[in-house]
$ cat my_file-v6.txt   # compact mmCIF, C-alpha atoms
# COMPACT_ATOMS: atom_id res chain seq x y z
CA MET A 1 -55.54 64.05 -193.40
CA PRO A 2 -53.63 61.16 -191.79
CA VAL A 3 -52.76 61.51 -188.12
CA HIS A 4 -49.03 61.85 -187.48
CA GLU A 5 -47.49 60.27 -184.38
CA TYR A 6 -44.51 62.63 -184.25
CA VAL A 7 -42.86 65.56 -185.99
CA ILE A 8 -39.19 65.96 -186.90
CA LEU A 9 -37.50 69.01 -185.37
CA ASN A 10 -34.83 71.01 -187.18
CA THR A 11 -32.33 69.20 -184.93
CA GLY A 12 -33.41 65.86 -186.39
CA ALA A 13 -35.09 64.79 -183.13
CA LYS A 14 -38.53 63.18 -183.09
CA MET A 15 -41.15 65.03 -181.01
CA PRO A 16 -44.30 63.01 -180.23
CA THR A 17 -47.42 64.74 -181.51
CA VAL A 18 -49.59 64.48 -178.40
CA GLY A 19 -48.14 65.46 -175.04
CA LEU A 20 -49.39 66.05 -171.52
CA GLY A 21 -49.52 69.70 -170.50
CA THR A 22 -48.98 70.48 -166.82
CA TRP A 23 -49.96 74.14 -166.45
CA LYS A 24 -52.03 74.56 -163.25
CA SER A 25 -51.21 70.95 -162.32
CA ALA A 26 -50.28 71.20 -158.67
CA PRO A 27 -47.66 69.27 -156.71
CA GLY A 28 -49.34 66.29 -155.13
CA GLU A 29 -51.36 65.69 -158.31
CA VAL A 30 -49.01 66.25 -161.20
CA GLU A 31 -46.51 63.49 -160.39
CA HIS A 32 -49.27 60.89 -160.57
CA ALA A 33 -50.71 62.48 -163.73
CA VAL A 34 -47.32 62.32 -165.46
CA ALA A 35 -46.71 58.71 -164.41
CA TYR A 36 -50.23 57.68 -165.44
CA ALA A 37 -49.95 59.42 -168.82
CA LEU A 38 -46.65 57.72 -169.60
CA GLN A 39 -47.99 54.34 -168.51
CA ASN A 40 -50.91 54.84 -170.92
CA GLY A 41 -49.08 55.71 -174.10
CA TYR A 42 -47.94 59.33 -173.82
CA ARG A 43 -44.28 59.97 -174.60
CA HIS A 44 -44.23 63.76 -174.45
CA ILE A 45 -44.44 65.82 -171.23
CA ASP A 46 -44.56 69.62 -171.07
CA THR A 47 -43.74 71.70 -167.99
CA ALA A 48 -42.16 75.06 -167.13
CA ALA A 49 -40.21 76.72 -164.35
CA GLY A 50 -43.15 79.09 -163.99
CA TYR A 51 -45.51 76.21 -163.25
CA ALA A 52 -43.59 75.46 -160.01
CA ASN A 53 -43.93 71.71 -160.57
CA GLU A 54 -40.70 70.63 -162.31
CA ALA A 55 -39.53 68.46 -159.38
CA GLU A 56 -42.86 66.64 -159.31
CA VAL A 57 -42.82 66.17 -163.08
CA GLY A 58 -39.35 64.67 -162.79
CA LYS A 59 -40.60 62.31 -160.08
CA GLY A 60 -43.57 61.29 -162.22
CA ILE A 61 -41.23 60.42 -165.08
CA LYS A 62 -39.20 58.15 -162.81
CA ASP A 63 -42.29 56.63 -161.19
CA SER A 64 -43.72 55.71 -164.59
CA GLY A 65 -41.13 53.04 -165.24
CA VAL A 66 -40.88 54.18 -168.87
CA PRO A 67 -37.26 54.41 -170.07
CA ARG A 68 -36.13 58.04 -170.15
CA GLU A 69 -34.87 57.76 -173.72
CA GLU A 70 -38.45 57.08 -174.87
CA ILE A 71 -39.73 60.35 -173.37
CA PHE A 72 -39.64 63.87 -174.85
CA LEU A 73 -39.48 66.47 -172.06
CA THR A 74 -40.05 70.21 -172.51
CA THR A 75 -39.56 72.94 -169.94
CA LYS A 76 -39.36 76.72 -170.14
CA LEU A 77 -37.35 79.70 -168.93
CA ASN A 78 -39.41 81.87 -166.58
CA ASN A 79 -39.89 85.58 -167.27
CA PRO A 80 -38.03 86.81 -164.14
CA ASP A 81 -35.00 84.71 -165.17
CA HIS A 82 -34.20 86.46 -168.45
CA ARG A 83 -31.06 87.99 -166.94
CA ILE A 84 -29.86 84.67 -165.47
CA PRO A 85 -30.69 81.88 -167.96
CA GLY A 86 -27.65 79.85 -166.90
CA GLU A 87 -28.75 79.75 -163.28
CA ALA A 88 -32.33 79.06 -164.32
CA LEU A 89 -31.29 76.17 -166.54
CA GLY A 90 -29.26 74.67 -163.72
CA ASP A 91 -32.25 74.93 -161.40
CA SER A 92 -34.56 73.23 -163.92
CA LEU A 93 -32.05 70.43 -164.50
CA LYS A 94 -31.70 69.88 -160.76
CA LYS A 95 -35.45 69.78 -160.13
CA LEU A 96 -36.23 67.56 -163.11
CA ASP A 97 -33.20 65.41 -162.32
CA THR A 98 -32.75 64.59 -165.99
CA TYR A 99 -31.77 66.20 -169.27
CA ILE A 100 -34.13 68.47 -171.20
CA ASP A 101 -35.22 67.59 -174.75
CA LEU A 102 -36.55 71.08 -175.44
CA TRP A 103 -35.96 74.32 -173.52
CA LEU A 104 -38.22 77.23 -174.45
CA MET A 105 -38.19 80.93 -173.71
CA HIS A 106 -41.65 81.07 -172.13
CA TRP A 107 -42.41 84.67 -173.19
CA PRO A 108 -40.42 87.40 -174.97
CA ALA A 109 -41.17 89.47 -171.88
CA PRO A 110 -38.39 89.94 -169.30
CA MET A 111 -39.77 90.64 -165.83
CA THR A 112 -38.38 91.54 -162.43
CA SER A 113 -38.67 89.28 -159.40
CA ASP A 114 -41.57 91.40 -158.12
CA GLY A 115 -43.61 90.79 -161.27
CA LYS A 116 -43.01 94.01 -163.17
CA ALA A 117 -41.81 94.40 -166.75
CA ASP A 118 -38.02 94.60 -166.95
CA LYS A 119 -37.83 97.22 -169.68
CA GLU A 120 -34.05 97.56 -169.37
CA HIS A 121 -33.41 94.03 -170.59
CA ASP A 122 -33.76 92.85 -174.19
CA TRP A 123 -35.22 89.37 -174.65
CA LEU A 124 -32.94 88.94 -177.68
CA ASP A 125 -29.93 89.00 -175.33
CA THR A 126 -31.60 86.20 -173.39
CA TRP A 127 -31.98 84.17 -176.57
CA LYS A 128 -28.30 84.62 -177.42
CA GLU A 129 -27.36 83.27 -173.98
CA MET A 130 -29.76 80.35 -174.47
CA GLU A 131 -27.98 79.62 -177.76
CA ARG A 132 -24.63 79.64 -175.97
CA LEU A 133 -25.85 77.31 -173.24
CA TYR A 134 -27.38 74.93 -175.78
CA GLN A 135 -24.18 74.78 -177.80
CA ALA A 136 -22.05 74.34 -174.66
CA HIS A 137 -24.21 71.63 -173.09
CA PRO A 138 -25.79 69.46 -175.82
CA ASP A 139 -25.99 66.57 -173.35
CA LYS A 140 -28.19 68.62 -171.01
CA VAL A 141 -30.28 70.63 -173.51
CA ARG A 142 -31.03 68.93 -176.79
CA ALA A 143 -33.01 71.71 -178.49
CA ILE A 144 -34.11 75.26 -177.80
CA GLY A 145 -37.16 77.17 -178.88
CA VAL A 146 -39.66 79.84 -177.98
CA SER A 147 -43.21 80.23 -176.74
CA ASN A 148 -45.80 82.98 -177.22
CA PHE A 149 -43.87 84.52 -180.13
CA SER A 150 -45.86 86.36 -182.79
CA ASN A 151 -44.56 86.92 -186.34
CA THR A 152 -43.21 90.33 -185.35
CA PHE A 153 -41.05 88.92 -182.56
CA LEU A 154 -40.06 85.80 -184.45
CA LYS A 155 -38.88 87.79 -187.48
CA ARG A 156 -36.63 89.88 -185.23
CA LEU A 157 -35.21 86.73 -183.66
CA LEU A 158 -34.55 85.08 -187.02
CA GLU A 159 -32.71 88.16 -188.26
CA ASN A 160 -30.32 87.99 -185.31
CA CYS A 161 -29.98 84.33 -184.26
CA THR A 162 -27.37 81.67 -184.87
CA VAL A 163 -29.76 78.86 -183.80
CA VAL A 164 -33.21 78.77 -185.40
CA PRO A 165 -35.81 77.87 -182.76
CA ALA A 166 -36.92 74.25 -183.04
CA VAL A 167 -40.43 75.02 -181.75
CA ASN A 168 -42.81 77.90 -181.10
CA GLN A 169 -45.44 76.97 -178.51
CA VAL A 170 -48.55 79.14 -178.80
CA GLU A 171 -52.28 79.13 -178.13
CA LEU A 172 -54.01 77.26 -180.96
CA HIS A 173 -57.64 76.22 -181.31
CA PRO A 174 -60.42 76.85 -183.86
CA SER A 175 -61.14 80.31 -182.41
CA CYS A 176 -57.42 81.20 -182.55
CA PRO A 177 -55.99 79.17 -185.46
CA GLN A 178 -53.18 81.63 -186.34
CA THR A 179 -53.09 80.29 -189.90
CA GLY A 180 -50.69 82.92 -191.21
CA HIS A 181 -48.31 82.46 -188.30
CA ARG A 182 -48.38 78.68 -188.67
CA LYS A 183 -47.51 79.02 -192.36
CA PHE A 184 -44.62 81.35 -191.54
CA CYS A 185 -43.23 78.94 -188.94
CA GLU A 186 -43.50 75.99 -191.29
CA GLU A 187 -41.59 77.92 -193.96
CA LYS A 188 -38.81 78.56 -191.45
CA GLY A 189 -38.64 74.95 -190.25
CA ILE A 190 -40.15 75.75 -186.84
CA VAL A 191 -42.63 73.25 -185.38
CA MET A 192 -45.77 74.63 -183.71
CA THR A 193 -47.01 73.28 -180.39
CA ALA A 194 -50.63 74.03 -179.52
CA TYR A 195 -51.40 74.90 -175.93
CA SER A 196 -54.98 75.45 -174.69
CA PRO A 197 -56.28 73.36 -177.64
CA LEU A 198 -59.74 73.27 -176.07
CA GLY A 199 -59.81 77.03 -175.61
CA SER A 200 -59.07 76.59 -171.88
CA ASP A 201 -61.53 75.83 -169.05
CA ASN A 202 -65.27 75.93 -169.79
CA SER A 203 -64.56 76.77 -173.41
CA PRO A 204 -67.51 77.59 -175.70
CA LEU A 205 -65.79 75.45 -178.32
CA LEU A 206 -66.89 72.31 -176.46
CA LYS A 207 -70.48 73.25 -177.33
CA ASN A 208 -69.81 74.59 -180.81
CA GLU A 209 -72.16 73.03 -183.37
CA THR A 210 -69.39 71.97 -185.76
CA VAL A 211 -67.33 70.44 -182.96
CA THR A 212 -70.24 68.53 -181.42
CA GLU A 213 -71.40 67.30 -184.82
CA LEU A 214 -67.97 65.82 -185.52
CA ALA A 215 -67.77 64.39 -182.01
CA GLU A 216 -71.07 62.61 -182.59
CA LYS A 217 -69.89 61.31 -185.97
CA TYR A 218 -66.70 59.82 -184.51
CA LYS A 219 -68.32 58.84 -181.20
CA VAL A 220 -65.84 60.79 -179.07
CA HIS A 221 -65.94 63.68 -176.62
CA PRO A 222 -65.83 67.17 -178.25
CA ALA A 223 -62.41 67.65 -176.62
CA ASN A 224 -61.05 64.81 -178.77
CA ILE A 225 -62.04 66.67 -181.93
CA LEU A 226 -60.26 69.83 -180.75
CA ILE A 227 -57.12 67.90 -179.82
CA SER A 228 -57.24 65.80 -182.99
CA LEU A 229 -57.31 68.94 -185.14
CA TRP A 230 -53.60 69.52 -184.48
CA ALA A 231 -52.65 65.84 -184.73
CA ASN A 232 -54.09 66.08 -188.25
CA THR A 233 -52.20 69.29 -189.05
CA PRO A 234 -48.69 69.04 -190.53
CA ASN A 235 -45.84 70.57 -188.51
CA ALA A 236 -47.93 70.69 -185.31
CA THR A 237 -47.98 69.04 -181.89
CA VAL A 238 -50.53 69.48 -179.10
CA ILE A 239 -50.44 69.39 -175.29
CA PRO A 240 -53.86 68.93 -173.65
CA LYS A 241 -53.68 69.10 -169.86
CA SER A 242 -55.43 67.25 -167.05
CA VAL A 243 -54.64 65.56 -163.75
CA LYS A 244 -57.69 63.27 -163.94
CA GLU A 245 -56.98 59.72 -165.10
CA GLU A 246 -60.15 59.48 -167.18
CA ARG A 247 -59.43 62.71 -169.06
CA ILE A 248 -55.74 61.93 -169.54
CA LYS A 249 -56.61 58.62 -171.13
CA SER A 250 -59.48 60.05 -173.18
CA ASN A 251 -57.41 62.96 -174.51
CA PHE A 252 -54.99 60.49 -176.07
CA ASN A 253 -57.77 59.14 -178.32
CA ILE A 254 -57.02 60.82 -181.65
CA VAL A 255 -59.26 60.55 -184.70
CA SER A 256 -58.43 61.10 -188.37
CA LEU A 257 -60.26 64.11 -189.78
CA THR A 258 -60.91 64.85 -193.43
CA ASP A 259 -59.52 67.97 -195.09
CA ASP A 260 -63.06 69.35 -195.26
CA GLU A 261 -63.59 68.76 -191.54
CA ILE A 262 -60.32 70.48 -190.70
CA ALA A 263 -61.33 73.46 -192.85
CA ARG A 264 -64.71 73.66 -191.10
CA LEU A 265 -63.03 73.71 -187.69
CA ILE A 266 -60.55 76.42 -188.70
CA LYS A 267 -63.40 78.49 -190.14
CA ILE A 268 -64.93 78.82 -186.62
CA GLY A 269 -62.37 81.53 -185.87
CA GLU A 270 -63.76 83.78 -188.59
CA THR A 271 -66.95 84.43 -186.64
CA GLN A 272 -66.05 83.42 -183.07
CA PRO A 273 -62.47 84.54 -182.41
CA PHE A 274 -61.10 84.61 -178.87
CA ARG A 275 -57.91 84.10 -176.89
CA ALA A 276 -57.81 82.38 -173.54
CA CYS A 277 -54.29 83.59 -172.73
CA LYS A 278 -53.65 87.31 -173.10
CA PRO A 279 -50.16 88.80 -172.67
CA ASP A 280 -51.06 92.07 -170.93
CA TRP A 281 -50.17 90.68 -167.49
CA THR A 282 -46.48 90.74 -168.48
CA GLY A 283 -46.44 94.54 -168.74
CA TRP A 284 -45.27 94.30 -172.34
CA GLY A 285 -48.55 95.10 -174.09
CA ASP A 286 -50.13 92.79 -176.65
CA LEU A 287 -46.80 91.40 -177.97
CA ALA A 288 -48.28 91.74 -181.48
CA PHE A 289 -50.48 88.67 -180.83
CA GLU A 290 -52.64 87.43 -183.70
CA TYR A 291 -55.84 85.42 -183.94
CA SER A 292 -56.36 84.29 -187.52
$ encode --input "my_file-v6.txt" --output "structure tokens"
Amino acid sequence: MPVHEYVILNTGAKMPTVGLGTWKSAPGEVEHAVAYALQNGYRHIDTAAGYANEAEVGKGIKDSGVPREEIFLTTKLNNPDHRIPGEALGDSLKKLDTYIDLWLMHWPAPMTSDGKADKEHDWLDTWKEMERLYQAHPDKVRAIGVSNFSNTFLKRLLENCTVVPAVNQVELHPSCPQTGHRKFCEEKGIVMTAYSPLGSDNSPLLKNETVTELAEKYKVHPANILISLWANTPNATVIPKSVKEERIKSNFNIVSLTDDEIARLIKIGETQPFRACKPDWTGWGDLAFEYS
């Protein structure tokens, strides 16, 4: 399967396949990580209001010296802001100090400011307001999408939306390949972005026999195989994260995998399924999350 350098969103925009994720990347580190990534070939940066690092990400973009129009920037609406998406968008724009290429609903899980589930608010109303803001301010928000949406939630959205999400960002790796969900999204023209492609910190996937065998074959770190999986998968992008220069540079080394190798990696989930990111903390249950 040939590696693709970008995908085309349903808006017509090009989204670079490999981006830098910034979850858990703290202020004081993340601005340098963003600048370094951009200076070493990355053109896609992913952040979120909930990561509390948007201002630093914006600084890193400026410090990189890379022209803004060459960069694809994603941020996300935080769960406690479901009732005030307009204010939240304004805050993100101010902190980033630039326009947003893709604005995602981080979770279909409205929460209160004290971290409890806001059961009196419907996330679908939030989406409708995001649609309105996107249509009213195309110069500030160039696409909208979702994150952590299962088929159940996405089907409800599609039955009631006027703007089809451009992207659904979800956990994807060989132990959580979500094959059925990926097929559904592709049929609806929704690009998938893979977060936690390694299976998160200290992942058993880095020692998996299939992964290490392929890493040895291609003379790369096992992480490169796990990241490359999605760069070899149609309709998918991937956002490995790191603040270390060596890892940032290494993660951008993508290899072409054969169809058989891709199938072997996906098959890992049949016997070793797991999720690194579980939704229970939101107070909204399992959100109909899937594995296979």
$ closest_residue --input "my_file-v6.txt" --among "A:Thr11, A:Val34, A:Ile268, A:Gly41" --to "Pro138 of chain A" --atoms "all atoms listed in the file"
A:Thr11
$ residues_near_point --input "my_file-v6.txt" --point "(-39.7, 64.7, -160.6)" --cutoff "12 Å" --atoms "all atoms listed in the file" --output "PyMOL selection string"
chain A and resi 27-35+45+47+52-64+73+92-99
$ closest_residue --input "my_file-v6.txt" --among "A:Glu129, A:Asp81, A:Asp91, A:Glu216" --to "Ala117 of chain A" --atoms "all atoms listed in the file"
A:Asp81
$ closest_residue --input "my_file-v6.txt" --among "A:Leu9, A:Ile266, A:Leu158, A:Ala143" --to "Gln178 of chain A" --atoms "all atoms listed in the file"
A:Ile266
$ residues_around --input "my_file-v6.txt" --residues "Pro177 of chain A" --least-positions-apart "6" --cutoff "12 Å" --atoms "all atoms listed in the file" --output "PyMOL selection string"
chain A and resi 170-171+183+192-199+226+229-230+233+236+262-270+272-275+289-292
$ write_last_selection --input "my_file-v6.txt" --atoms "C-alpha atoms" --output "PDB file, in the frame of the given file"
ATOM      1  CA  VAL A 170     -48.550  79.140-178.800  1.00  0.00           C
ATOM      2  CA  GLU A 171     -52.280  79.130-178.130  1.00  0.00           C
ATOM      3  CA  LYS A 183     -47.510  79.020-192.360  1.00  0.00           C
ATOM      4  CA  MET A 192     -45.770  74.630-183.710  1.00  0.00           C
ATOM      5  CA  THR A 193     -47.010  73.280-180.390  1.00  0.00           C
ATOM      6  CA  ALA A 194     -50.630  74.030-179.520  1.00  0.00           C
ATOM      7  CA  TYR A 195     -51.400  74.900-175.930  1.00  0.00           C
ATOM      8  CA  SER A 196     -54.980  75.450-174.690  1.00  0.00           C
ATOM      9  CA  PRO A 197     -56.280  73.360-177.640  1.00  0.00           C
ATOM     10  CA  LEU A 198     -59.740  73.270-176.070  1.00  0.00           C
ATOM     11  CA  GLY A 199     -59.810  77.030-175.610  1.00  0.00           C
ATOM     12  CA  LEU A 226     -60.260  69.830-180.750  1.00  0.00           C
ATOM     13  CA  LEU A 229     -57.310  68.940-185.140  1.00  0.00           C
ATOM     14  CA  TRP A 230     -53.600  69.520-184.480  1.00  0.00           C
ATOM     15  CA  THR A 233     -52.200  69.290-189.050  1.00  0.00           C
ATOM     16  CA  ALA A 236     -47.930  70.690-185.310  1.00  0.00           C
ATOM     17  CA  ILE A 262     -60.320  70.480-190.700  1.00  0.00           C
ATOM     18  CA  ALA A 263     -61.330  73.460-192.850  1.00  0.00           C
ATOM     19  CA  ARG A 264     -64.710  73.660-191.100  1.00  0.00           C
ATOM     20  CA  LEU A 265     -63.030  73.710-187.690  1.00  0.00           C
ATOM     21  CA  ILE A 266     -60.550  76.420-188.700  1.00  0.00           C
ATOM     22  CA  LYS A 267     -63.400  78.490-190.140  1.00  0.00           C
ATOM     23  CA  ILE A 268     -64.930  78.820-186.620  1.00  0.00           C
ATOM     24  CA  GLY A 269     -62.370  81.530-185.870  1.00  0.00           C
ATOM     25  CA  GLU A 270     -63.760  83.780-188.590  1.00  0.00           C
ATOM     26  CA  GLN A 272     -66.050  83.420-183.070  1.00  0.00           C
ATOM     27  CA  PRO A 273     -62.470  84.540-182.410  1.00  0.00           C
ATOM     28  CA  PHE A 274     -61.100  84.610-178.870  1.00  0.00           C
ATOM     29  CA  ARG A 275     -57.910  84.100-176.890  1.00  0.00           C
ATOM     30  CA  PHE A 289     -50.480  88.670-180.830  1.00  0.00           C
ATOM     31  CA  GLU A 290     -52.640  87.430-183.700  1.00  0.00           C
ATOM     32  CA  TYR A 291     -55.840  85.420-183.940  1.00  0.00           C
ATOM     33  CA  SER A 292     -56.360  84.290-187.520  1.00  0.00           C
TER      34      SER A 292
END
$ atom_distance --input "my_file-v6.txt" --atom1 "atom CA of Pro80 of chain A" --atom2 "atom CA of Arg156 of chain A"
21.4 Å
$ axis_aligned_box --input "my_file-v6.txt" --around "segment 170-185 of chain A" --padding-each-side "4 Å" --output "AutoDock Vina command-line options"
--center_x -52.2 --center_y 79.6 --center_z -185.2 --size_x 25.9 --size_y 14.7 --size_z 22.2
$ closest_residue --input "my_file-v6.txt" --among "A:Ser228, A:Thr258, A:Thr112, A:Ser147" --to "Thr17 of chain A" --atoms "all atoms listed in the file"
A:Ser228
$ atom_distance --input "my_file-v6.txt" --atom1 "atom CA of Ser113 of chain A" --atom2 "atom CA of Gly90 of chain A"
17.9 Å
$ residues_around --input "my_file-v6.txt" --residues "Gly19 of chain A" --least-positions-apart "4" --cutoff "7 Å" --atoms "only C-alpha atoms" --output "PyMOL selection string"
chain A and resi 42-46+238-240
$ atom_distance --input "my_file-v6.txt" --atom1 "atom CA of Val211 of chain A" --atom2 "atom CA of Met15 of chain A"
26.8 Å
$ closest_residue --input "my_file-v6.txt" --among "A:Asn232, A:Thr237, A:Asn251, A:Gln135" --to "Leu172 of chain A" --atoms "all atoms listed in the file"
A:Thr237
$ closest_residue --input "my_file-v6.txt" --among "A:Val3, A:Ile8, A:Ala88, A:Val18" --to "Lys249 of chain A" --atoms "all atoms listed in the file"
A:Val18
$ residues_around --input "my_file-v6.txt" --residues "Leu89 of chain A" --least-positions-apart "3" --cutoff "9 Å" --atoms "all atoms listed in the file" --output "number ranges by chain"
A: 76-77, 84-86, 92-94, 103, 133, 141
$ residues_near_point --input "my_file-v6.txt" --point "(-39.1, 58.6, -176.6)" --cutoff "8 Å" --atoms "all atoms listed in the file" --output "ChimeraX atom specification"
/A:14,16,43-44,67-72
$ residues_around --input "my_file-v6.txt" --residues "segment 277-283 of chain A" --least-positions-apart "3" --cutoff "7 Å" --atoms "only C-alpha atoms" --output "PyMOL selection string"
chain A and resi 109+116-117+286-287
$ residues_around --input "my_file-v6.txt" --residues "His121 of chain A" --least-positions-apart "4" --cutoff "9 Å" --atoms "only C-alpha atoms" --output "PyMOL selection string"
chain A and resi 82-83+110-111+125-126
$ write_last_selection --input "my_file-v6.txt" --atoms "C-alpha atoms" --output "PDB file, keeping the file's coordinate frame"
ATOM      1  CA  HIS A  82     -34.200  86.460-168.450  1.00  0.00           C
ATOM      2  CA  ARG A  83     -31.060  87.990-166.940  1.00  0.00           C
ATOM      3  CA  PRO A 110     -38.390  89.940-169.300  1.00  0.00           C
ATOM      4  CA  MET A 111     -39.770  90.640-165.830  1.00  0.00           C
ATOM      5  CA  ASP A 125     -29.930  89.000-175.330  1.00  0.00           C
ATOM      6  CA  THR A 126     -31.600  86.200-173.390  1.00  0.00           C
TER       7      THR A 126
END
$ decode --input "my_file-v6.txt" --residues "segment 154-162 of chain A" --atoms "all heavy atoms" --output "PDB file, in the first residue's frame"
ATOM      1  N   LEU A 154     -22.307   8.952  15.864  1.00  0.00           N
ATOM      2  CA  LEU A 154     -22.121   9.550  14.555  1.00  0.00           C
ATOM      3  C   LEU A 154     -23.380   9.410  13.701  1.00  0.00           C
ATOM      4  O   LEU A 154     -23.751  10.337  12.962  1.00  0.00           O
ATOM      5  CB  LEU A 154     -20.934   8.894  13.850  1.00  0.00           C
ATOM      6  CG  LEU A 154     -20.264   9.670  12.716  1.00  0.00           C
ATOM      7  CD1 LEU A 154     -19.927  11.097  13.131  1.00  0.00           C
ATOM      8  CD2 LEU A 154     -19.015   8.946  12.254  1.00  0.00           C
ATOM      9  N   LYS A 155     -24.065   8.278  13.805  1.00  0.00           N
ATOM     10  CA  LYS A 155     -25.305   8.094  13.051  1.00  0.00           C
ATOM     11  C   LYS A 155     -26.351   9.115  13.487  1.00  0.00           C
ATOM     12  O   LYS A 155     -27.070   9.683  12.648  1.00  0.00           O
ATOM     13  CB  LYS A 155     -25.832   6.670  13.249  1.00  0.00           C
ATOM     14  CG  LYS A 155     -25.045   5.613  12.489  1.00  0.00           C
ATOM     15  CD  LYS A 155     -25.531   4.211  12.803  1.00  0.00           C
ATOM     16  CE  LYS A 155     -24.715   3.168  12.055  1.00  0.00           C
ATOM     17  NZ  LYS A 155     -25.123   1.773  12.410  1.00  0.00           N
ATOM     18  N   ARG A 156     -26.446   9.372  14.789  1.00  0.00           N
ATOM     19  CA  ARG A 156     -27.400  10.376  15.262  1.00  0.00           C
ATOM     20  C   ARG A 156     -27.053  11.761  14.723  1.00  0.00           C
ATOM     21  O   ARG A 156     -27.918  12.511  14.294  1.00  0.00           O
ATOM     22  CB  ARG A 156     -27.421  10.400  16.792  1.00  0.00           C
ATOM     23  CG  ARG A 156     -28.433  11.414  17.333  1.00  0.00           C
ATOM     24  CD  ARG A 156     -28.480  11.433  18.844  1.00  0.00           C
ATOM     25  NE  ARG A 156     -29.444  12.434  19.288  1.00  0.00           N
ATOM     26  CZ  ARG A 156     -29.198  13.384  20.182  1.00  0.00           C
ATOM     27  NH1 ARG A 156     -28.013  13.450  20.770  1.00  0.00           N
ATOM     28  NH2 ARG A 156     -30.120  14.266  20.505  1.00  0.00           N
ATOM     29  N   LEU A 157     -25.764  12.074  14.724  1.00  0.00           N
ATOM     30  CA  LEU A 157     -25.334  13.372  14.206  1.00  0.00           C
ATOM     31  C   LEU A 157     -25.692  13.498  12.725  1.00  0.00           C
ATOM     32  O   LEU A 157     -26.257  14.520  12.294  1.00  0.00           O
ATOM     33  CB  LEU A 157     -23.835  13.549  14.414  1.00  0.00           C
ATOM     34  CG  LEU A 157     -23.248  14.913  14.031  1.00  0.00           C
ATOM     35  CD1 LEU A 157     -21.998  15.200  14.861  1.00  0.00           C
ATOM     36  CD2 LEU A 157     -22.896  15.006  12.562  1.00  0.00           C
ATOM     37  N   LEU A 158     -25.384  12.475  11.945  1.00  0.00           N
ATOM     38  CA  LEU A 158     -25.614  12.541  10.502  1.00  0.00           C
ATOM     39  C   LEU A 158     -27.096  12.641  10.155  1.00  0.00           C
ATOM     40  O   LEU A 158     -27.461  13.208   9.113  1.00  0.00           O
ATOM     41  CB  LEU A 158     -24.987  11.320   9.819  1.00  0.00           C
ATOM     42  CG  LEU A 158     -23.452  11.271   9.848  1.00  0.00           C
ATOM     43  CD1 LEU A 158     -22.954   9.934   9.309  1.00  0.00           C
ATOM     44  CD2 LEU A 158     -22.863  12.422   9.043  1.00  0.00           C
ATOM     45  N   GLU A 159     -27.940  12.126  11.005  1.00  0.00           N
ATOM     46  CA  GLU A 159     -29.383  12.218  10.775  1.00  0.00           C
ATOM     47  C   GLU A 159     -29.927  13.611  11.064  1.00  0.00           C
ATOM     48  O   GLU A 159     -31.056  13.937  10.674  1.00  0.00           O
ATOM     49  CB  GLU A 159     -30.117  11.197  11.652  1.00  0.00           C
ATOM     50  CG  GLU A 159     -29.916   9.748  11.218  1.00  0.00           C
ATOM     51  CD  GLU A 159     -30.431   8.755  12.256  1.00  0.00           C
ATOM     52  OE1 GLU A 159     -30.892   9.206  13.340  1.00  0.00           O
ATOM     53  OE2 GLU A 159     -30.359   7.540  11.994  1.00  0.00           O
ATOM     54  N   ASN A 160     -29.120  14.445  11.729  1.00  0.00           N
ATOM     55  CA  ASN A 160     -29.630  15.744  12.179  1.00  0.00           C
ATOM     56  C   ASN A 160     -28.761  16.940  11.782  1.00  0.00           C
ATOM     57  O   ASN A 160     -29.080  18.067  12.147  1.00  0.00           O
ATOM     58  CB  ASN A 160     -29.755  15.737  13.708  1.00  0.00           C
ATOM     59  CG  ASN A 160     -30.824  14.777  14.205  1.00  0.00           C
ATOM     60  OD1 ASN A 160     -31.997  15.096  14.207  1.00  0.00           O
ATOM     61  ND2 ASN A 160     -30.401  13.585  14.605  1.00  0.00           N
ATOM     62  N   CYS A 161     -27.673  16.707  11.047  1.00  0.00           N
ATOM     63  CA  CYS A 161     -26.744  17.806  10.768  1.00  0.00           C
ATOM     64  C   CYS A 161     -26.996  18.456   9.412  1.00  0.00           C
ATOM     65  O   CYS A 161     -27.643  17.885   8.532  1.00  0.00           O
ATOM     66  CB  CYS A 161     -25.306  17.297  10.828  1.00  0.00           C
ATOM     67  SG  CYS A 161     -24.853  16.175   9.493  1.00  0.00           S
ATOM     68  N   THR A 162     -26.485  19.665   9.266  1.00  0.00           N
ATOM     69  CA  THR A 162     -26.452  20.327   7.965  1.00  0.00           C
ATOM     70  C   THR A 162     -25.024  20.343   7.412  1.00  0.00           C
ATOM     71  O   THR A 162     -24.824  20.527   6.225  1.00  0.00           O
ATOM     72  CB  THR A 162     -26.974  21.776   8.053  1.00  0.00           C
ATOM     73  OG1 THR A 162     -26.198  22.498   9.014  1.00  0.00           O
ATOM     74  CG2 THR A 162     -28.430  21.803   8.472  1.00  0.00           C
TER      75      THR A 162
END
